[in-house]
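S.K.: Provided below: entry_10.cif, containing mmCIF, C-alpha atoms.
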data_work
loop_
_atom_site.label_atom_id
_atom_site.label_comp_id
_atom_site.auth_asym_id
_atom_site.auth_seq_id
_atom_site.Cartn_x
_atom_site.Cartn_y
_atom_site.Cartn_z
CA MET J 1 2.80 122.00 -96.09
CA GLN J 2 2.84 118.44 -97.15
CA LEU J 3 6.57 118.50 -97.74
CA ARG J 4 7.47 119.87 -94.36
CA ALA J 5 6.53 116.89 -92.25
CA PRO J 6 8.78 114.37 -94.03
CA SER J 7 11.77 116.74 -94.08
CA LEU J 8 11.40 117.39 -90.36
CA ALA J 9 11.27 113.68 -89.75
CA ARG J 10 14.42 113.20 -91.78
CA ALA J 11 16.24 115.90 -89.80
CA HIS J 12 15.25 114.12 -86.62
CA VAL J 13 16.59 110.82 -87.85
CA SER J 14 19.94 112.28 -88.88
CA VAL J 15 20.44 113.85 -85.45
CA LEU J 16 19.70 110.50 -83.86
CA TRP J 17 22.26 108.80 -86.04
CA LEU J 18 24.83 111.54 -85.81
CA GLY J 19 24.84 111.61 -82.01
CA PRO J 20 26.20 108.12 -81.36
CA ALA J 21 28.43 108.31 -84.43
CA LEU J 22 30.17 111.45 -83.09
CA ALA J 23 30.42 109.95 -79.65
CA CYS J 24 32.08 106.86 -81.10
CA ALA J 25 34.47 108.88 -83.21
CA CYS J 26 35.67 110.93 -80.21
CA ALA J 27 35.88 108.12 -77.69
CA PRO J 28 39.30 106.58 -77.10
CA ALA J 29 39.52 102.91 -78.06
CA SER J 30 39.95 101.80 -74.44
CA ASP J 31 36.44 103.00 -73.60
CA ASP J 32 34.88 100.13 -75.52
CA PRO J 33 31.59 99.68 -73.65
CA SER J 34 31.18 96.00 -74.50
CA VAL J 35 31.42 93.47 -71.70
CA THR J 36 32.10 89.78 -71.93
CA LEU J 37 29.66 87.55 -70.09
CA ARG J 38 30.07 83.85 -69.48
CA SER J 39 27.37 81.32 -70.20
CA PRO J 40 27.26 77.62 -69.46
CA LEU J 41 28.04 75.54 -72.52
CA ARG J 42 25.64 74.82 -75.37
CA ALA J 43 27.45 71.52 -75.97
CA ASP J 44 26.14 70.11 -72.70
CA PHE J 45 22.68 71.57 -72.94
CA SER J 46 20.70 68.90 -74.86
CA ALA J 47 20.06 66.72 -71.81
CA VAL J 48 19.04 69.78 -69.80
CA SER J 49 16.73 70.95 -72.55
CA ALA J 50 14.95 67.59 -72.57
CA VAL J 51 14.14 68.08 -68.87
CA LEU J 52 12.97 71.66 -69.35
CA GLU J 53 10.76 70.74 -72.32
CA LEU J 54 8.47 68.48 -70.33
CA ARG J 55 8.55 70.35 -67.03
CA CYS J 56 8.37 73.92 -68.24
CA GLY J 57 7.80 73.99 -71.99
CA THR J 58 4.15 73.06 -72.48
CA LEU J 59 2.06 75.30 -74.74
CA ASP J 60 0.24 76.80 -71.76
CA CYS J 61 3.52 77.85 -70.07
CA HIS J 62 6.98 78.54 -71.49
CA GLY J 63 6.00 76.92 -74.78
CA ALA J 64 4.14 80.11 -75.67
CA PRO J 65 5.69 82.62 -78.08
CA ALA J 66 4.97 85.64 -75.88
CA ARG J 67 7.03 84.43 -72.93
CA ASN J 68 10.44 85.81 -71.96
CA LEU J 69 11.70 82.30 -71.31
CA ARG J 70 10.75 80.32 -74.40
CA ILE J 71 11.25 76.59 -74.56
CA PHE J 72 10.99 74.89 -77.93
CA GLY J 73 10.32 71.27 -78.75
CA VAL J 74 7.91 68.49 -79.52
CA TYR J 75 5.68 69.11 -76.49
CA GLY J 76 5.26 72.80 -77.17
CA LEU J 77 6.34 75.52 -79.53
CA ARG J 78 8.09 74.53 -82.77
CA GLU J 79 11.01 76.61 -83.88
CA ASN J 80 10.84 76.45 -87.67
CA GLY J 81 7.13 77.18 -88.03
CA LEU J 82 6.61 74.04 -90.15
CA ASP J 83 6.73 71.23 -87.62
CA VAL J 84 3.59 70.88 -85.57
CA SER J 85 3.32 70.70 -81.83
CA GLY J 86 3.19 67.03 -80.80
CA GLY J 87 4.65 65.96 -84.18
CA SER J 88 8.26 64.99 -84.90
CA ALA J 89 10.94 64.88 -82.20
CA THR J 90 12.71 67.98 -80.87
CA THR J 91 15.45 69.13 -83.26
CA GLU J 92 18.94 70.43 -82.46
CA LEU J 93 17.86 73.82 -83.84
CA GLU J 94 15.13 73.85 -81.23
CA VAL J 95 17.65 73.07 -78.51
CA ASP J 96 19.73 75.99 -79.88
CA ALA J 97 16.71 78.28 -79.66
CA THR J 98 15.90 77.17 -76.11
CA TYR J 99 19.56 77.64 -75.12
CA ASP J 100 19.57 81.20 -76.52
CA SER J 101 16.44 82.03 -74.59
CA VAL J 102 17.67 80.47 -71.33
CA VAL J 103 21.11 82.14 -71.33
CA GLY J 104 19.45 85.43 -72.23
CA LEU J 105 17.70 85.61 -68.87
CA GLU J 106 19.57 87.72 -66.34
CA PRO J 107 22.80 87.15 -68.29
CA GLU J 108 24.87 89.17 -65.81
CA VAL J 109 23.76 86.97 -62.92
CA LEU J 110 24.20 83.82 -64.97
CA SER J 111 27.70 84.98 -65.86
CA ARG J 112 28.64 85.34 -62.19
CA VAL J 113 27.14 81.96 -61.31
CA THR J 114 28.96 80.34 -64.23
CA ALA J 115 32.28 81.98 -63.34
CA GLN J 116 31.88 80.69 -59.80
CA LYS J 117 31.21 77.17 -61.05
CA GLY J 118 27.57 77.14 -60.16
CA ALA J 119 27.90 78.52 -56.62
CA SER J 120 24.67 79.92 -55.13
CA ALA J 121 22.79 79.02 -58.28
CA ALA J 122 19.51 80.22 -56.79
CA ARG J 123 20.68 83.79 -57.48
CA TRP J 124 19.69 83.13 -61.08
CA ILE J 125 16.03 83.57 -61.91
CA VAL J 126 15.64 80.26 -63.75
CA ILE J 127 16.60 78.35 -60.60
CA SER J 128 14.73 80.58 -58.15
CA LYS J 129 11.52 80.47 -60.21
CA GLY J 130 11.88 76.78 -60.98
CA ARG J 131 12.19 76.02 -57.26
CA ASN J 132 9.39 78.48 -56.51
CA LEU J 133 11.65 80.45 -54.16
CA GLU J 134 10.53 83.48 -56.11
CA ALA J 135 6.80 83.80 -56.85
CA HIS J 136 6.15 81.58 -59.87
CA ARG J 137 2.74 80.96 -61.38
CA GLY J 138 3.80 77.45 -62.36
CA GLY J 139 4.81 76.60 -58.76
CA ALA J 140 7.81 74.38 -58.00
CA ARG J 141 8.66 72.60 -61.22
CA LEU J 142 12.24 71.82 -60.31
CA THR J 143 12.21 70.95 -56.62
CA GLU J 144 15.55 71.48 -54.92
CA ASN J 145 17.77 68.39 -55.12
CA SER J 146 15.35 66.52 -57.37
CA PRO J 147 17.05 64.88 -60.39
CA ALA J 148 15.68 67.67 -62.62
CA ASP J 149 17.13 70.36 -60.33
CA ILE J 150 20.47 68.55 -60.08
CA CYS J 151 20.50 68.23 -63.88
CA LEU J 152 20.00 71.97 -64.40
CA THR J 153 22.34 73.16 -61.63
CA SER J 154 25.08 70.71 -62.70
CA TRP J 155 25.07 72.41 -66.10
CA LEU J 156 26.00 75.65 -64.31
CA THR J 157 29.01 73.99 -62.69
CA GLY J 158 30.45 73.10 -66.08
CA ALA J 159 29.90 69.34 -65.78
CA VAL J 160 26.39 68.15 -66.59
CA ASP J 161 25.24 65.26 -64.43
CA SER J 162 23.82 63.19 -67.29
CA ALA J 163 22.70 60.47 -64.88
CA ALA J 164 20.50 62.98 -63.03
CA CYS J 165 19.10 64.32 -66.31
CA ALA J 166 18.30 60.78 -67.45
CA ALA J 167 16.84 59.86 -64.06
CA ASP J 168 14.32 62.66 -64.19
CA SER J 169 10.93 61.18 -64.78
CA PHE J 170 7.94 63.42 -65.02
CA GLY J 171 4.66 61.62 -65.28
CA PRO J 172 1.59 60.54 -63.35
CA VAL J 173 2.22 59.14 -59.87
CA PRO J 174 -0.96 57.40 -58.65
CA LEU J 175 -1.75 57.33 -54.94
CA ALA J 176 -0.58 54.20 -53.14
CA GLY J 177 -2.57 51.14 -54.19
CA GLU J 178 -4.16 52.84 -57.18
CA ALA J 179 -3.57 52.20 -60.85
CA TRP J 180 -3.36 54.72 -63.67
CA MET G 1 2.95 106.54 -57.15
CA ARG G 2 -0.49 105.35 -56.19
CA VAL G 3 -1.96 106.94 -59.29
CA SER G 4 0.54 105.31 -61.62
CA LEU G 5 0.05 101.92 -60.01
CA LEU G 6 -3.66 102.33 -60.41
CA LEU G 7 -3.19 103.24 -64.04
CA PHE G 8 -1.00 100.21 -64.58
CA PHE G 9 -3.59 97.99 -62.98
CA THR G 10 -6.44 99.49 -65.01
CA LEU G 11 -4.49 99.11 -68.25
CA GLY G 12 -3.75 95.51 -67.33
CA ILE G 13 -7.42 94.78 -66.88
CA ALA G 14 -8.27 96.63 -70.08
CA CYS G 15 -5.84 94.43 -72.01
CA ASP G 16 -7.27 91.27 -70.51
CA ASP G 17 -10.76 92.44 -71.35
CA THR G 18 -9.87 93.18 -74.95
CA ARG G 19 -8.26 89.78 -75.33
CA ARG G 20 -11.28 88.08 -73.81
CA ASP G 21 -13.68 90.03 -76.00
CA ARG G 22 -11.69 89.00 -79.04
CA GLU G 23 -11.61 85.35 -77.95
CA LEU G 24 -15.36 85.42 -77.35
CA SER G 25 -16.19 87.04 -80.66
CA GLU G 26 -13.93 84.63 -82.55
CA LEU G 27 -16.01 81.76 -81.15
CA GLY G 28 -19.14 83.15 -82.82
CA GLY G 29 -22.78 82.47 -82.01
CA GLU G 30 -24.52 79.19 -81.29
CA ALA G 31 -25.02 76.70 -84.13
CA ALA G 32 -28.60 76.83 -85.47
CA ALA G 33 -30.03 73.57 -84.17
CA VAL G 34 -28.09 73.27 -80.92
CA ALA G 35 -29.22 75.00 -77.73
CA PRO G 36 -26.60 76.07 -75.19
CA GLY G 37 -25.99 72.93 -73.16
CA GLU G 38 -23.78 69.90 -73.01
CA LEU G 39 -23.91 69.21 -76.74
CA HIS G 40 -23.06 72.68 -77.93
CA ARG G 41 -19.88 74.09 -79.48
CA PRO G 42 -17.88 70.85 -79.98
CA GLY G 43 -14.18 71.49 -80.50
CA GLN G 44 -14.28 74.95 -78.99
CA PRO G 45 -12.32 76.01 -75.89
CA CYS G 46 -15.21 75.63 -73.42
CA GLY G 47 -13.19 77.28 -70.67
CA VAL G 48 -13.29 80.70 -72.34
CA CYS G 49 -16.98 80.87 -71.39
CA HIS G 50 -17.09 78.25 -68.63
CA GLY G 51 -14.09 79.63 -66.76
CA GLY G 52 -15.89 81.59 -64.08
CA ALA G 53 -15.96 84.98 -65.81
CA GLY G 54 -19.12 84.27 -67.82
CA PRO G 55 -21.09 84.26 -70.00
CA ALA G 56 -21.84 80.68 -68.87
CA HIS G 57 -22.68 80.15 -65.20
CA GLY G 58 -20.91 76.91 -64.41
CA ARG G 59 -17.15 76.65 -64.06
CA PHE G 60 -15.36 73.69 -65.64
CA SER G 61 -11.95 72.65 -64.34
CA LEU G 62 -11.28 70.68 -67.55
CA SER G 63 -13.33 70.27 -70.70
CA GLY G 64 -13.11 69.40 -74.35
CA THR G 65 -14.30 67.30 -77.24
CA VAL G 66 -13.13 63.93 -78.56
CA PHE G 67 -13.25 63.34 -82.32
CA TRP G 68 -12.85 60.12 -84.21
CA THR G 69 -9.57 60.65 -86.08
CA ALA G 70 -7.11 63.45 -86.62
CA ASP G 71 -8.78 64.29 -89.95
CA SER G 72 -12.37 63.71 -88.98
CA GLN G 73 -14.93 65.99 -87.39
CA ALA G 74 -17.05 63.01 -86.30
CA PRO G 75 -17.42 62.97 -82.53
CA VAL G 76 -16.79 59.88 -80.43
CA ALA G 77 -19.25 59.37 -77.59
CA HIS G 78 -18.62 57.16 -74.55
CA THR G 79 -14.88 57.78 -74.54
CA VAL G 80 -13.57 57.67 -71.01
CA VAL G 81 -11.35 60.65 -70.27
CA ARG G 82 -9.11 59.89 -67.31
CA ILE G 83 -7.32 62.60 -65.42
CA ILE G 84 -4.61 62.27 -62.80
CA ASP G 85 -3.09 65.24 -61.01
CA SER G 86 0.30 65.86 -59.45
CA LEU G 87 -0.88 64.59 -56.06
CA GLY G 88 -2.14 61.35 -57.60
CA ALA G 89 -5.84 62.17 -57.38
CA GLN G 90 -7.85 60.74 -60.27
CA TYR G 91 -11.10 61.52 -61.96
CA ALA G 92 -12.88 60.10 -64.98
CA VAL G 93 -15.59 61.48 -67.20
CA ARG G 94 -17.32 60.23 -70.37
CA SER G 95 -17.73 62.05 -73.65
CA ASN G 96 -21.32 62.58 -74.77
CA CYS G 97 -22.99 62.36 -78.20
CA ALA G 98 -21.29 65.54 -79.37
CA GLY G 99 -17.94 64.13 -78.21
CA ASN G 100 -18.02 66.77 -75.47
CA PHE G 101 -17.03 66.18 -71.88
CA PHE G 102 -16.60 68.49 -68.93
CA VAL G 103 -15.56 68.32 -65.30
CA ARG G 104 -17.21 70.81 -62.98
CA ASP G 105 -14.81 72.42 -60.53
CA SER G 106 -17.19 71.44 -57.72
CA GLU G 107 -16.59 67.78 -58.63
CA PHE G 108 -12.85 67.77 -59.22
CA GLU G 109 -10.21 70.45 -59.29
CA PRO G 110 -6.77 69.13 -60.29
CA HIS G 111 -3.64 70.13 -58.45
CA TRP G 112 -1.53 71.13 -61.44
CA PRO G 113 0.10 69.73 -63.43
CA ALA G 114 -2.34 67.06 -64.59
CA TRP G 115 -2.09 64.24 -67.09
CA VAL G 116 -4.86 62.74 -69.24
CA LYS G 117 -5.60 59.63 -71.19
CA LEU G 118 -8.50 58.38 -73.28
CA GLU G 119 -10.05 54.93 -73.26
CA PHE G 120 -12.45 53.53 -75.81
CA ALA G 121 -13.21 49.92 -76.69
CA ASN G 122 -10.04 48.45 -75.15
CA LYS G 123 -7.92 51.11 -76.70
CA THR G 124 -5.96 53.61 -74.65
CA LEU G 125 -4.38 56.81 -75.88
CA GLU G 126 -2.20 58.69 -73.46
CA MET G 127 -1.03 62.28 -73.68
CA ARG G 128 2.67 62.18 -72.80
CA SER G 129 3.15 65.78 -71.73
CA PRO G 130 1.36 67.34 -68.77
CA ILE G 131 -1.25 70.06 -68.75
CA SER G 132 0.26 72.83 -66.68
CA ARG G 133 -2.77 75.08 -66.28
CA GLU G 134 -4.90 75.28 -69.45
CA ARG G 135 -8.45 74.15 -68.65
CA SER G 136 -9.70 73.73 -72.21
CA CYS G 137 -8.25 70.90 -74.27
CA ALA G 138 -8.81 73.11 -77.31
CA GLY G 139 -6.53 75.73 -75.75
CA CYS G 140 -3.70 73.56 -77.14
CA HIS G 141 -5.64 71.23 -79.43
CA ALA G 142 -7.23 73.84 -81.71
CA ASP G 143 -7.49 73.15 -85.44
CA PRO G 144 -5.48 73.34 -87.60
CA ALA G 145 -2.37 71.76 -86.12
CA SER G 146 0.52 74.24 -86.24
CA ALA G 147 3.81 75.22 -84.64
CA SER G 148 1.87 76.14 -81.51
CA SER G 149 -1.20 73.90 -81.67
CA VAL G 150 -1.66 70.14 -81.66
CA GLY G 151 -4.87 69.82 -83.70
CA HIS G 152 -8.07 68.41 -82.24
CA VAL G 153 -8.21 65.60 -79.71
CA TYR G 154 -9.04 62.31 -81.41
CA MET G 155 -9.48 58.81 -80.12
CA SER G 156 -8.06 56.47 -82.68
CA ALA G 157 -7.58 55.71 -86.31
CA ASP G 158 -9.29 52.35 -86.00
CA ALA G 159 -12.01 52.83 -83.37
CA THR G 160 -15.38 53.18 -85.08
CA PRO G 161 -17.41 56.17 -83.99
CA LEU G 162 -20.75 55.25 -82.50
CA LEU G 163 -23.75 55.74 -84.75
CA GLU G 164 -26.17 58.36 -83.66
CA ALA G 165 -28.80 55.72 -82.92
CA GLU G 166 -26.49 54.10 -80.38
CA CYS G 167 -25.79 57.42 -78.82
CA ASN G 168 -27.96 58.44 -75.94
#
Output the file's structure as structure tokens, nothing else.
M.R.:
Amino acid sequence: MQLRAPSLARAHVSVLWLGPALACACAPASDDPSVTLRSPLRADFSAVSAVLELRCGTLDCHGAPARNLRIFGVYGLRENGLDVSGGSATTELEVDATYDSVVGLEPEVLSRVTAQKGASAARWIVISKGRNLEAHRGGARLTENSPADICLTSWLTGAVDSAACAADSFGPVPLAGEAW
Amino acid sequence: MRVSLLLFFTLGIACDDTRRDRELSELGGEAAAVAPGELHRPGQPCGVCHGGAGPAHGRFSLSGTVFWTADSQAPVAHTVVRIIDSLGAQYAVRSNCAGNFFVRDSEFEPHWPAWVKLEFANKTLEMRSPISRERSCAGCHADPASASSVGHVYMSADATPLLEAECN
């Protein structure tokens, strides 16, 4: 009795493995199911990442490990598990990790937007959520045509507007006549 | 369709409840000599209990505890905690003898995100990043510091904590 369960399980596993293997063996080479998707470049992403870190990547938002969109860096989640939040500056490996997470969201839509040099960027969830065009618990974090929004959308065109990325300032704005 | 939606909804609530129960039990009971009140549970995420879903009655829009240094558990009283929200509205509150401070939602409810800074004896310490929605400082500032936590809020390496006698 005790032997039967494991052997059944093994039979199950081999059928699972055999199925796709047979399918692959019979399929003609031209039926390769892989597709090539385009992503905006990693090389240009550092300035964009810096904007996303402060606006979206705090520990209570996309700086949390359970999120689909995960943003890594000094103000939130650390990538290597050793650095502490709020400690040393954001590393290039963290920018890599943020890039992977960002381009992994609706990759088929991102591919179309990228191929069309950033046209109708709001099709892509990162823009539509960031602008709060689509319901977003964090509200509008990247208001349309703000430097932060221009920074992110310029990355999709293939030419990052570094001036816009650098011009983005995200901090307290006291009411007129008040100090902070 | 309606049944499955209902099931989904119920499961969602069940998950939230389990998480909350776990959070609550991890916080443990009250310390022996401290009654539930403004001096209790320093360093804990007050908002878990003071967030509107009980067990505490009041609802705090922001709350936390200020310690002396990053390595010390000594509280700093009379620290001014300044808050500014995304519309520019400001509010200030003082830490008490346990280092605790709290803002009742009836007094001030920030329009997120909000920024904070601490002031004590001519020294200012500003948090650079915003708070997007977390109402307990300890939600991000829990000990120990880690890849997803900053470690407790502290005032300064050189400010002297007030002696208990000066604290009232």
S.K.: Just say which residues the PyMOL selection byres ((chain G) within 6 of (chain J)) picks in this file, as number ranges by chain.
M.R.: G: 88, 134, 146-150
S.K.: Let me make sure I understand: among G:Ala121, G:Ala98, G:Val103, G:Ala114, which one has the smallest atom-to-atom distance to G:Ile83 if we use all atoms listed in the file?
M.R.: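 Checking each of G:Ala121, G:Ala98, G:Val103, G:Ala114 against G:Ile83, counting all atoms listed in the file, the winner is G:Ala114.
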S.K.: Identify all residues satisfying the PyMOL selection byres ((chain J and resi 167) around 12) in the given file; provide them as a list in words.
M.R.: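 So the PyMOL selection byres ((chain J and resi 167) around 12), applied here, picks out Ala47, Val48, Ala50, Val51, Ser146, Pro147, Ala148, Asp149, Ile150, Cys151, Asp161, Ser162, Ala163, Ala164, Cys165, Ala166, Asp168, Ser169 and Phe170 of chain J.
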S.K.: Given the file above and the PyMOL selection byres ((chain G and resi 141) around 10), which residues are selected, and can you give them as an MDAnalysis selection string?
M.R.: (chainID J and resid 59 85:86) or (chainID G and resid 43:45 64:65 136:140 142:146 148:154)
S.K.: Quick one: of G:Asp71, G:Glu38, G:Glu126, G:Glu30, who's nearest to G:Gly58, counting all atoms listed in the file?
M.R.: G:Glu38
S.K.: Hey, could you patch up stretch 66-77 of chain J with all heavy atoms and hand it over as a PDB file, keeping the file's coordinate frame?
M.R.:
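Once everything was written out, this is selection10.pdb:
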ATOM      1  N   ALA J  66       4.884  84.327 -76.524  1.00  0.00           N
ATOM      2  CA  ALA J  66       4.970  85.640 -75.880  1.00  0.00           C
ATOM      3  C   ALA J  66       5.795  85.633 -74.600  1.00  0.00           C
ATOM      4  O   ALA J  66       5.978  86.675 -73.987  1.00  0.00           O
ATOM      5  CB  ALA J  66       3.560  86.146 -75.576  1.00  0.00           C
ATOM      6  N   ARG J  67       6.292  84.475 -74.202  1.00  0.00           N
ATOM      7  CA  ARG J  67       7.030  84.430 -72.930  1.00  0.00           C
ATOM      8  C   ARG J  67       8.459  84.927 -73.075  1.00  0.00           C
ATOM      9  O   ARG J  67       9.054  84.825 -74.139  1.00  0.00           O
ATOM     10  CB  ARG J  67       7.063  82.975 -72.405  1.00  0.00           C
ATOM     11  CG  ARG J  67       5.708  82.359 -72.198  1.00  0.00           C
ATOM     12  CD  ARG J  67       4.838  83.165 -71.269  1.00  0.00           C
ATOM     13  NE  ARG J  67       5.415  83.282 -69.941  1.00  0.00           N
ATOM     14  CZ  ARG J  67       5.013  82.574 -68.900  1.00  0.00           C
ATOM     15  NH1 ARG J  67       4.037  81.714 -69.007  1.00  0.00           N
ATOM     16  NH2 ARG J  67       5.583  82.734 -67.732  1.00  0.00           N
ATOM     17  N   ASN J  68       9.026  85.431 -71.983  1.00  0.00           N
ATOM     18  CA  ASN J  68      10.440  85.810 -71.960  1.00  0.00           C
ATOM     19  C   ASN J  68      11.309  84.571 -72.059  1.00  0.00           C
ATOM     20  O   ASN J  68      12.254  84.524 -72.833  1.00  0.00           O
ATOM     21  CB  ASN J  68      10.767  86.500 -70.634  1.00  0.00           C
ATOM     22  CG  ASN J  68      10.746  87.989 -70.784  1.00  0.00           C
ATOM     23  OD1 ASN J  68      10.867  88.501 -71.897  1.00  0.00           O
ATOM     24  ND2 ASN J  68      10.588  88.686 -69.691  1.00  0.00           N
ATOM     25  N   LEU J  69      11.009  83.591 -71.226  1.00  0.00           N
ATOM     26  CA  LEU J  69      11.700  82.300 -71.310  1.00  0.00           C
ATOM     27  C   LEU J  69      10.885  81.440 -72.262  1.00  0.00           C
ATOM     28  O   LEU J  69       9.755  81.069 -71.952  1.00  0.00           O
ATOM     29  CB  LEU J  69      11.799  81.648 -69.931  1.00  0.00           C
ATOM     30  CG  LEU J  69      12.253  80.182 -69.920  1.00  0.00           C
ATOM     31  CD1 LEU J  69      13.626  80.007 -70.560  1.00  0.00           C
ATOM     32  CD2 LEU J  69      12.294  79.633 -68.499  1.00  0.00           C
ATOM     33  N   ARG J  70      11.462  81.145 -73.418  1.00  0.00           N
ATOM     34  CA  ARG J  70      10.750  80.320 -74.400  1.00  0.00           C
ATOM     35  C   ARG J  70      11.460  78.991 -74.551  1.00  0.00           C
ATOM     36  O   ARG J  70      12.665  78.949 -74.776  1.00  0.00           O
ATOM     37  CB  ARG J  70      10.677  81.020 -75.762  1.00  0.00           C
ATOM     38  CG  ARG J  70       9.637  82.117 -75.827  1.00  0.00           C
ATOM     39  CD  ARG J  70       9.607  82.780 -77.188  1.00  0.00           C
ATOM     40  NE  ARG J  70      10.898  83.346 -77.525  1.00  0.00           N
ATOM     41  CZ  ARG J  70      11.368  84.494 -77.027  1.00  0.00           C
ATOM     42  NH1 ARG J  70      10.637  85.181 -76.181  1.00  0.00           N
ATOM     43  NH2 ARG J  70      12.559  84.935 -77.373  1.00  0.00           N
ATOM     44  N   ILE J  71      10.692  77.923 -74.414  1.00  0.00           N
ATOM     45  CA  ILE J  71      11.250  76.590 -74.560  1.00  0.00           C
ATOM     46  C   ILE J  71      10.622  75.948 -75.781  1.00  0.00           C
ATOM     47  O   ILE J  71       9.397  75.949 -75.928  1.00  0.00           O
ATOM     48  CB  ILE J  71      11.009  75.785 -73.270  1.00  0.00           C
ATOM     49  CG1 ILE J  71      11.839  76.427 -72.155  1.00  0.00           C
ATOM     50  CG2 ILE J  71      11.364  74.321 -73.449  1.00  0.00           C
ATOM     51  CD1 ILE J  71      11.510  75.950 -70.784  1.00  0.00           C
ATOM     52  N   PHE J  72      11.474  75.442 -76.666  1.00  0.00           N
ATOM     53  CA  PHE J  72      10.990  74.890 -77.930  1.00  0.00           C
ATOM     54  C   PHE J  72      11.079  73.370 -77.893  1.00  0.00           C
ATOM     55  O   PHE J  72      11.928  72.806 -77.213  1.00  0.00           O
ATOM     56  CB  PHE J  72      11.842  75.419 -79.080  1.00  0.00           C
ATOM     57  CG  PHE J  72      11.739  76.912 -79.260  1.00  0.00           C
ATOM     58  CD1 PHE J  72      12.497  77.776 -78.474  1.00  0.00           C
ATOM     59  CD2 PHE J  72      10.871  77.458 -80.200  1.00  0.00           C
ATOM     60  CE1 PHE J  72      12.398  79.147 -78.619  1.00  0.00           C
ATOM     61  CE2 PHE J  72      10.769  78.838 -80.344  1.00  0.00           C
ATOM     62  CZ  PHE J  72      11.531  79.681 -79.561  1.00  0.00           C
ATOM     63  N   GLY J  73      10.206  72.717 -78.647  1.00  0.00           N
ATOM     64  CA  GLY J  73      10.320  71.270 -78.750  1.00  0.00           C
ATOM     65  C   GLY J  73       9.001  70.605 -79.053  1.00  0.00           C
ATOM     66  O   GLY J  73       7.980  71.266 -79.237  1.00  0.00           O
ATOM     67  N   VAL J  74       9.062  69.288 -79.085  1.00  0.00           N
ATOM     68  CA  VAL J  74       7.910  68.490 -79.520  1.00  0.00           C
ATOM     69  C   VAL J  74       6.664  68.710 -78.659  1.00  0.00           C
ATOM     70  O   VAL J  74       5.548  68.670 -79.158  1.00  0.00           O
ATOM     71  CB  VAL J  74       8.283  66.990 -79.600  1.00  0.00           C
ATOM     72  CG1 VAL J  74       8.846  66.498 -78.272  1.00  0.00           C
ATOM     73  CG2 VAL J  74       7.074  66.142 -79.997  1.00  0.00           C
ATOM     74  N   TYR J  75       6.845  68.971 -77.381  1.00  0.00           N
ATOM     75  CA  TYR J  75       5.680  69.110 -76.490  1.00  0.00           C
ATOM     76  C   TYR J  75       5.105  70.524 -76.472  1.00  0.00           C
ATOM     77  O   TYR J  75       4.166  70.796 -75.743  1.00  0.00           O
ATOM     78  CB  TYR J  75       6.040  68.693 -75.072  1.00  0.00           C
ATOM     79  CG  TYR J  75       6.513  67.270 -74.993  1.00  0.00           C
ATOM     80  CD1 TYR J  75       7.801  66.964 -74.572  1.00  0.00           C
ATOM     81  CD2 TYR J  75       5.677  66.223 -75.377  1.00  0.00           C
ATOM     82  CE1 TYR J  75       8.242  65.658 -74.523  1.00  0.00           C
ATOM     83  CE2 TYR J  75       6.109  64.922 -75.333  1.00  0.00           C
ATOM     84  CZ  TYR J  75       7.393  64.639 -74.907  1.00  0.00           C
ATOM     85  OH  TYR J  75       7.822  63.350 -74.869  1.00  0.00           O
ATOM     86  N   GLY J  76       5.730  71.417 -77.215  1.00  0.00           N
ATOM     87  CA  GLY J  76       5.260  72.800 -77.170  1.00  0.00           C
ATOM     88  C   GLY J  76       5.472  73.500 -78.500  1.00  0.00           C
ATOM     89  O   GLY J  76       5.070  73.007 -79.543  1.00  0.00           O
ATOM     90  N   LEU J  77       6.137  74.642 -78.392  1.00  0.00           N
ATOM     91  CA  LEU J  77       6.340  75.520 -79.530  1.00  0.00           C
ATOM     92  C   LEU J  77       7.414  74.968 -80.473  1.00  0.00           C
ATOM     93  O   LEU J  77       8.469  74.554 -80.025  1.00  0.00           O
ATOM     94  CB  LEU J  77       6.791  76.873 -78.968  1.00  0.00           C
ATOM     95  CG  LEU J  77       6.875  78.076 -79.873  1.00  0.00           C
ATOM     96  CD1 LEU J  77       5.515  78.382 -80.478  1.00  0.00           C
ATOM     97  CD2 LEU J  77       7.361  79.269 -79.045  1.00  0.00           C
TER      98      LEU J  77
END
